[in-house]
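K.L.:
Provided herewith: upload-v5.txt, compact mmCIF, C-alpha atoms.
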# COMPACT_ATOMS: atom_id res chain seq x y z
CA LEU A 45 98.98 62.92 -170.96
CA ARG A 46 100.46 59.60 -171.94
CA ALA A 47 101.75 58.74 -168.44
CA PRO A 48 98.44 59.49 -166.62
CA ALA A 49 96.52 57.60 -169.30
CA CYS A 50 98.77 54.56 -168.89
CA ALA A 51 98.39 54.69 -165.11
CA LEU A 52 94.61 54.83 -165.41
CA TYR A 53 94.61 51.97 -167.90
CA ILE A 54 96.71 49.77 -165.60
CA PHE A 55 94.41 50.52 -162.66
CA VAL A 56 91.23 49.70 -164.60
CA MET A 57 92.66 46.42 -165.94
CA ALA A 58 93.97 45.41 -162.50
CA ALA A 59 90.70 46.13 -160.70
CA PRO A 60 89.35 42.53 -161.02
CA MET A 61 92.40 41.28 -159.09
CA LYS A 62 90.71 42.61 -155.98
CA SER A 63 88.35 39.64 -155.97
CA LEU A 64 91.11 37.03 -156.04
CA THR A 65 91.85 37.36 -152.33
CA PRO A 66 90.34 39.57 -149.64
CA HIS A 67 93.84 40.27 -148.31
CA LEU A 68 94.47 42.51 -151.30
CA GLN A 69 91.80 44.89 -150.12
CA ASN A 70 93.87 45.96 -147.11
CA HIS A 71 97.34 45.40 -148.52
CA TRP A 72 99.73 47.98 -147.10
CA MET A 73 100.93 48.94 -150.57
CA LEU A 74 97.68 48.90 -152.55
CA ASN A 75 94.99 49.51 -149.92
CA ILE A 76 92.44 48.89 -152.63
CA SER A 77 89.45 49.28 -150.29
CA LYS A 78 89.86 53.06 -150.47
CA LEU A 79 89.53 52.90 -154.23
CA ASP A 80 86.15 51.14 -154.23
CA PRO A 81 84.27 54.15 -155.66
CA LEU A 82 86.63 54.31 -158.64
CA VAL A 83 86.42 50.56 -159.10
CA ARG A 84 82.61 50.74 -159.22
CA VAL A 85 82.74 53.53 -161.78
CA SER A 86 85.12 51.55 -164.00
CA GLN A 87 82.94 48.46 -163.78
CA THR A 88 79.99 50.27 -165.35
CA TYR A 89 81.95 50.40 -168.61
CA HIS A 90 82.73 46.65 -168.58
CA VAL A 91 86.28 47.22 -169.79
CA ALA A 92 87.69 44.60 -167.42
CA ASN A 93 86.35 41.73 -165.37
CA GLY A 94 87.48 38.75 -163.36
CA TYR A 95 86.30 36.14 -165.84
CA GLY A 96 88.83 33.78 -167.31
CA LEU A 97 89.29 30.20 -168.39
CA PHE A 98 90.77 29.56 -164.97
CA ARG A 99 89.98 32.43 -162.66
CA ARG A 100 91.38 30.48 -159.74
CA MET A 101 94.19 28.20 -160.78
CA THR A 102 93.89 24.48 -160.23
CA GLY A 103 96.79 22.45 -158.96
CA VAL A 104 97.54 24.44 -155.79
CA ALA A 105 98.08 22.20 -152.80
CA GLN A 106 97.21 23.06 -149.22
CA HIS A 107 99.62 23.13 -146.33
CA ASN A 108 99.19 24.12 -142.70
CA TYR A 109 101.91 26.72 -142.35
CA ARG A 110 102.99 27.86 -138.94
CA ALA A 111 101.72 31.24 -137.78
CA GLY A 112 103.33 34.18 -139.53
CA ALA A 113 103.87 32.49 -142.89
CA GLU A 114 101.58 35.02 -144.56
CA GLN A 115 104.14 37.72 -143.72
CA TRP A 116 106.61 36.32 -146.24
CA GLY A 117 104.01 35.27 -148.80
CA THR A 118 102.20 37.51 -151.28
CA SER A 119 99.10 39.64 -150.69
CA GLY A 120 98.69 38.37 -147.17
CA LEU A 121 98.71 34.71 -148.19
CA PRO A 122 101.38 32.08 -147.48
CA PRO A 123 103.40 30.77 -150.46
CA SER A 124 101.53 28.40 -152.74
CA ILE A 125 102.55 24.78 -153.14
CA VAL A 126 102.12 23.58 -156.70
CA ALA A 127 100.42 20.21 -157.14
CA ARG A 128 99.53 19.94 -160.82
CA PRO A 129 97.62 16.67 -161.39
CA GLU A 130 98.85 14.59 -164.29
CA ILE A 131 97.92 11.13 -165.55
CA ILE A 132 100.85 8.92 -166.53
CA LEU A 133 100.17 5.96 -168.80
CA GLU A 134 102.42 2.94 -168.42
CA GLY A 135 102.70 -0.19 -170.52
CA ILE A 136 104.31 -3.62 -170.38
CA PHE A 137 106.13 -4.43 -173.61
CA ASP A 138 108.55 -7.37 -173.89
CA ASP A 139 110.33 -7.81 -170.57
CA ASN A 140 107.43 -7.71 -168.09
CA GLN A 141 108.47 -4.25 -166.85
CA TRP A 142 106.30 -1.14 -166.67
CA TYR A 143 107.47 1.72 -168.89
CA GLU A 144 106.00 5.19 -169.16
CA ILE A 145 104.22 5.96 -172.41
CA GLU A 146 105.43 9.38 -173.49
CA PHE A 147 103.21 12.12 -174.87
CA ARG A 148 104.24 14.88 -177.24
CA TRP A 149 103.44 17.85 -175.03
CA LYS A 150 102.21 17.14 -171.51
CA PRO A 151 104.53 16.70 -168.49
CA GLY A 152 105.97 13.23 -168.14
CA ALA A 153 109.53 12.31 -167.17
CA ASN A 154 111.07 14.67 -164.61
CA ASN A 155 114.12 15.43 -166.75
CA VAL A 156 112.23 16.42 -169.92
CA LEU A 157 112.16 20.14 -170.67
CA PRO A 158 108.58 21.52 -170.66
CA HIS A 159 107.42 22.41 -174.15
CA GLN A 160 106.14 25.81 -175.18
CA VAL A 161 102.65 25.23 -176.55
CA ALA A 162 100.75 28.54 -176.14
CA PRO A 163 98.67 29.63 -177.91
CA HIS A 164 98.43 26.10 -179.37
CA GLN A 165 96.48 23.66 -177.19
CA PRO A 166 97.26 20.07 -178.24
CA ARG A 167 93.94 18.30 -178.15
CA LEU A 168 94.89 14.99 -176.56
CA ASP A 169 97.40 16.39 -174.06
CA TRP A 170 94.93 19.11 -173.07
CA GLN A 171 92.20 16.53 -172.45
CA MET A 172 94.60 14.41 -170.38
CA TRP A 173 94.96 17.28 -167.94
CA PHE A 174 91.19 17.67 -167.63
CA ALA A 175 90.86 13.93 -167.04
CA ALA A 176 93.38 14.22 -164.19
CA LEU A 177 90.97 16.54 -162.39
CA GLY A 178 88.30 13.81 -162.28
CA ASN A 179 88.05 10.05 -162.74
CA TYR A 180 87.82 7.66 -165.66
CA GLN A 181 84.06 7.16 -165.14
CA HIS A 182 83.62 10.78 -166.22
CA ASN A 183 86.26 10.43 -168.95
CA PRO A 184 85.44 7.20 -170.79
CA TRP A 185 87.42 8.39 -173.81
CA LEU A 186 90.60 7.66 -171.80
CA ILE A 187 89.67 3.97 -171.57
CA ASN A 188 89.06 4.07 -175.32
CA LEU A 189 92.51 5.59 -175.81
CA MET A 190 94.14 2.83 -173.72
CA ASP A 191 92.21 0.17 -175.62
CA LYS A 192 93.37 1.62 -178.96
CA ILE A 193 96.98 1.58 -177.72
CA LEU A 194 96.61 -2.11 -176.86
CA GLU A 195 95.21 -2.66 -180.35
CA GLY A 196 98.14 -0.85 -181.95
CA CYS A 197 95.87 1.60 -183.76
CA GLY A 198 98.16 3.68 -185.99
CA PRO A 199 96.27 7.01 -185.99
CA VAL A 200 96.16 6.90 -182.18
CA MET A 201 99.84 6.03 -181.93
CA ASN A 202 100.63 9.09 -184.03
CA LEU A 203 99.08 11.32 -181.36
CA LEU A 204 101.65 10.13 -178.83
CA GLY A 205 105.37 10.79 -178.61
CA ASP A 206 106.57 7.38 -177.48
CA SER A 207 109.51 5.83 -179.33
CA ARG A 208 108.41 2.25 -178.61
CA LEU A 209 104.97 2.81 -180.08
CA ALA A 210 106.47 4.64 -183.05
CA ALA A 211 108.67 1.59 -183.71
CA GLY A 212 105.62 -0.64 -183.86
CA HIS A 213 105.87 -2.22 -180.40
CA VAL A 214 102.46 -2.78 -178.84
CA PRO A 215 102.14 -3.21 -175.06
CA SER A 216 100.41 -6.24 -173.60
CA LYS A 217 99.02 -4.25 -170.66
CA VAL A 218 98.36 -0.56 -170.01
CA ARG A 219 97.57 1.24 -166.78
CA ALA A 220 97.05 4.86 -165.70
CA ARG A 221 98.49 6.42 -162.53
CA LEU A 222 97.89 9.84 -161.02
CA TYR A 223 100.78 12.09 -159.93
CA HIS A 224 101.06 15.60 -158.59
CA TYR A 225 103.73 17.68 -160.33
CA ASP A 226 105.71 20.69 -159.19
CA PHE A 227 108.67 22.52 -160.68
CA THR A 228 112.05 22.11 -159.06
CA ARG A 229 113.35 25.31 -157.44
CA LEU A 230 116.56 27.27 -157.23
CA ASN A 231 118.49 27.21 -153.97
CA THR A 232 117.02 30.38 -152.45
CA THR A 233 115.76 31.28 -149.00
CA TRP A 234 112.22 31.54 -150.38
CA ALA A 235 112.33 28.06 -151.94
CA ARG A 236 113.88 26.42 -148.87
CA ARG A 237 111.02 27.62 -146.68
CA ILE A 238 108.34 25.96 -148.81
CA PRO A 239 107.55 22.44 -147.50
CA ASN A 240 108.51 19.41 -149.59
CA THR A 241 110.30 21.53 -152.19
CA SER A 242 112.85 19.87 -154.45
CA ILE A 243 115.93 22.11 -154.68
CA GLU A 244 117.81 21.82 -157.97
CA ALA A 245 121.29 23.20 -157.32
CA SER A 246 124.83 22.59 -158.44
CA LYS A 247 127.49 21.25 -156.09
CA GLU A 248 128.96 24.73 -155.75
CA SER A 249 125.61 26.23 -154.75
CA SER A 250 125.39 27.66 -151.24
CA ASP A 251 122.71 29.10 -149.00
CA ASP A 252 123.68 32.63 -150.04
CA ASP A 253 120.96 34.02 -152.32
CA THR A 254 123.33 36.62 -153.73
CA GLY A 255 126.25 34.32 -154.47
CA THR A 256 127.65 33.68 -157.92
CA SER A 257 126.69 30.00 -157.62
CA LEU A 258 123.00 30.96 -157.55
CA TRP A 259 123.41 32.89 -160.80
CA ALA A 260 125.24 29.91 -162.27
CA ASP A 261 122.26 27.70 -161.35
CA PHE A 262 119.89 30.23 -162.88
CA PHE A 263 121.54 30.04 -166.31
CA ARG A 264 122.24 26.31 -166.46
CA PHE A 265 119.88 23.53 -167.51
CA PRO A 266 118.76 21.57 -164.42
CA ASP A 267 119.00 17.82 -164.17
CA ASN A 268 115.28 17.69 -163.40
CA TYR A 269 112.65 20.23 -164.34
CA TRP A 270 109.85 18.54 -162.44
CA THR A 271 109.36 16.78 -159.16
CA ARG A 272 106.34 14.56 -158.75
CA THR A 273 104.48 12.67 -156.05
CA TYR A 274 102.55 9.47 -156.69
CA MET A 275 98.95 9.82 -155.53
CA ARG A 276 96.97 6.75 -156.60
CA GLU A 277 96.02 4.40 -159.40
CA TYR A 278 93.78 6.14 -161.88
CA THR A 279 92.82 2.88 -163.59
CA MET A 280 93.80 -0.71 -163.01
CA ALA A 281 95.93 -2.47 -165.60
CA ILE A 282 93.91 -3.59 -168.64
CA GLU A 283 94.68 -6.02 -171.45
CA GLY A 284 93.48 -6.19 -175.02
CA ASN A 285 90.10 -7.85 -175.67
CA ASN A 286 89.13 -7.48 -172.01
CA THR A 287 85.41 -8.25 -171.67
CA SER A 288 84.89 -5.63 -168.95
CA VAL A 289 86.54 -2.96 -171.09
CA THR A 290 84.48 -4.05 -174.08
CA ALA A 291 81.27 -3.73 -172.08
CA PHE A 292 82.35 -0.34 -170.73
CA LEU A 293 83.09 1.04 -174.20
CA ASP A 294 79.92 -0.47 -175.68
CA HIS A 295 77.93 1.29 -172.96
CA TYR A 296 79.33 4.64 -174.13
CA ARG A 297 78.95 3.62 -177.79
CA TYR A 298 82.60 3.82 -178.69
CA GLN A 299 83.71 2.24 -181.93
CA ARG A 300 85.67 -0.89 -181.12
CA ARG A 301 87.72 -1.19 -184.29
CA CYS A 302 90.44 1.21 -185.30
CA ASP A 303 89.19 3.72 -187.85
CA ARG A 304 92.31 4.52 -189.86
CA THR A 305 90.58 7.31 -191.75
CA LYS A 306 90.31 9.52 -188.64
CA ARG A 307 93.19 11.43 -187.10
CA TRP A 308 91.84 11.93 -183.59
CA VAL A 309 90.65 9.58 -180.89
Could you take the file, read its structure, and then write that structure out as structure tokens?
P.N.:
Amino acid sequence: LRAPACALYIFVMAAPMKSLTPHLQNHWMLNISKLDPLVRVSQTYHVANGYGLFRRMTGVAQHNYRAGAEQWGTSGLPPSIVARPEIILEGIFDDNQWYEIEFRWKPGANNVLPHQVAPHQPRLDWQMWFAALGNYQHNPWLINLMDKILEGCGPVMNLLGDSRLAAGHVPSKVRARLYHYDFTRLNTTWARRIPNTSIEASKESSDDDTGTSLWADFFRFPDNYWTRTYMREYTMAIEGNNTSVTAFLDHYRYQRRCDRTKRWV
């Protein structure tokens, strides 16, 4: 009875997937539409549902594929193009050049290995991603964060992973820019057909998906884990003691001075 019970369990838990795309209903392999009566019976017990923190994933770009692309996609849909929005903070330190301000967890430089954070959700880095989905007017705490960086507020600096800030260097200006991130891909037929894909392959890599060079690429560390596209300025550059920033933060009742007794922004 163990095998039938497992099969039934998998079916009941997978039932909410039907609502993700109507193409699944008539998929040649699943043909879920014929199982509607069983799906309705399982739903009365509320053992599975389509609710989730992100039922439909953000950060999926749109592209006008040529006709027939859905035939080599999944569930009747063309391949997705990842466009994860990320805010990158930059600062001017001593030489009048803009440098990225690094965070501990969130994506930043293309060649930095993504960190494993689940089930931990770093508070600041997590909020940075939510801010990237909107604008600074709806996320005034980000302006407060930038202002505290310009002030050199120690507890705020400790939330970041930037070596310059850790060494006590305080930027004279800070700005925020919005990028769209995607992972680099192996040199496969699938990856080459996706528009604007960055292929990360060794010099020996070929177009043969079954070649030994592809397996070599699979087990080596890539030069770049991410590829990113600049979208727009998220905020203009701001300086310390800026009257407009002061008025903005006063409007939202943010504390202007650095509170060194608190750990979080």
K.L.:
For each of A:Glu283, A:Tyr278, A:His224, A:Trp185, take the minimum atom-to-atom distance to Gln299 of chain A, counting all atoms listed in the file, then give the residue where this is smallest.
P.N.:
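Using all atoms listed in the file, the shortest distance to Gln299 of chain A belongs to A:Trp185.
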K.L.:
Find the spatial neighbours of Leu186 of chain A, counting only C-alpha atoms, within a cut-off of 8 Å - ignore same-chain residues fewer than 6 positions away - and output them as a PyMOL selection string.
P.N.:
chain A and resi 172+175+180
K.L.:
How big is the axis-aligned box, and where does its centre sit, when it encloses all atoms of segment 157-165 of chain A listed in the file and has 6 Å added on every side, reported in Å to one decimal as lines of an AutoDock Vina configuration file?
P.N.:
center_x = 104.3
center_y = 24.9
center_z = -175.0
size_x = 27.7
size_y = 21.5
size_z = 20.7
K.L.:
Here is a test: counting all atoms listed in the file, which residue of A:Arg229, A:Arg221, A:Arg148, A:His164 is nearest to Met201 of chain A?
P.N.:
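Of the candidates, the smallest distance to Met201 of chain A is held by A:Arg148.
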K.L.:
Determine the nearest neighbour of Trp149 of chain A from the options A:Leu222, A:Ala162, A:Met280, A:Cys50, counting only C-alpha atoms.
P.N.:
A:Ala162
K.L.:
So that each row is one residue of segment 191-290 of chain A with an atom at most 12 Å from segment 131-137 of chain A, can you give its shortest atom pair and the distance in Å to one decimal, using all atoms listed in the file, rows by chain and rising number, as CSV?
P.N.:
residue,atom,partner,partner_atom,distance
A:Asp191,CA,A:Gly135,CA,11.7
A:Ile193,CA,A:Gly135,CA,9.4
A:Leu194,CA,A:Gly135,CA,9.0
A:Leu204,CA,A:Leu133,CA,11.0
A:Asp206,CA,A:Leu133,CA,10.9
A:Arg208,CA,A:Phe137,CA,8.6
A:Leu209,CA,A:Phe137,CA,9.8
A:Gly212,CA,A:Phe137,CA,10.9
A:His213,CA,A:Phe137,CA,7.1
A:Val214,CA,A:Phe137,CA,6.6
A:Pro215,CA,A:Phe137,CA,4.4
A:Ser216,CA,A:Ile136,CA,5.7
A:Lys217,CA,A:Ile136,CA,5.3
A:Val218,CA,A:Gly135,CA,4.4
A:Arg219,CA,A:Glu134,CA,5.4
A:Ala220,CA,A:Leu133,CA,4.5
A:Arg221,CA,A:Ile132,CA,5.3
A:Leu222,CA,A:Ile131,CA,4.7
A:Tyr223,CA,A:Ile131,CA,6.4
A:His224,CA,A:Ile131,CA,8.8
A:Tyr225,CA,A:Ile131,CA,10.2
A:Arg272,CA,A:Ile132,CA,11.1
A:Thr273,CA,A:Ile131,CA,11.6
A:Tyr274,CA,A:Ile132,CA,10.0
A:Met275,CA,A:Ile131,CA,10.2
A:Arg276,CA,A:Ile131,CA,10.0
A:Glu277,CA,A:Ile131,CA,9.3
A:Tyr278,CA,A:Ile131,CA,7.5
A:Thr279,CA,A:Leu133,CA,9.5
A:Met280,CA,A:Glu134,CA,10.8
A:Ala281,CA,A:Gly135,CA,8.7
A:Ile282,CA,A:Gly135,CA,9.6
A:Glu283,CA,A:Gly135,CA,10.0
A:Gly284,CA,A:Gly135,CA,11.9
K.L.:
Which polymer residues have any atom within 12 Å of an atom of Asp267 of chain A, counting all atoms listed in the file, with same-chain residues fewer than 6 positions away left out, as a list in words?
P.N.:
Ala153, Asn154, Asn155, Val156, Leu157, Phe227, Thr228, Arg229, Leu230, Ser242, Ile243, Glu244, Ala245, Ser246 and Asp261 of chain A
K.L.:
Any idea what the distance is between atom CA of Thr287 of chain A and atom CA of Val200 of chain A?
P.N.:
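Separation of atom CA of Thr287 of chain A and atom CA of Val200 of chain A: 21.3 Å.
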K.L.:
Between atom CA of Asp226 of chain A and atom CA of Arg128 of chain A, what is the distance in Å, rounded to a tenth?
P.N.:
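Distance reported for this atom pair: 6.4 Å.
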K.L.:
What does the distance from atom CA of Trp142 of chain A to atom CA of Pro129 of chain A come to in Å, to one decimal?
P.N.:
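Atom-to-atom, atom CA of Trp142 of chain A to atom CA of Pro129 of chain A, that is 20.5 Å.
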K.L.:
Considering only C-alpha atoms, can you say which of A:Ala235, A:Leu177, A:Leu168, A:Ala47 comes closest to Asn202 of chain A?
P.N.:
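Result for the nearest residue to Asn202 of chain A: A:Leu168.
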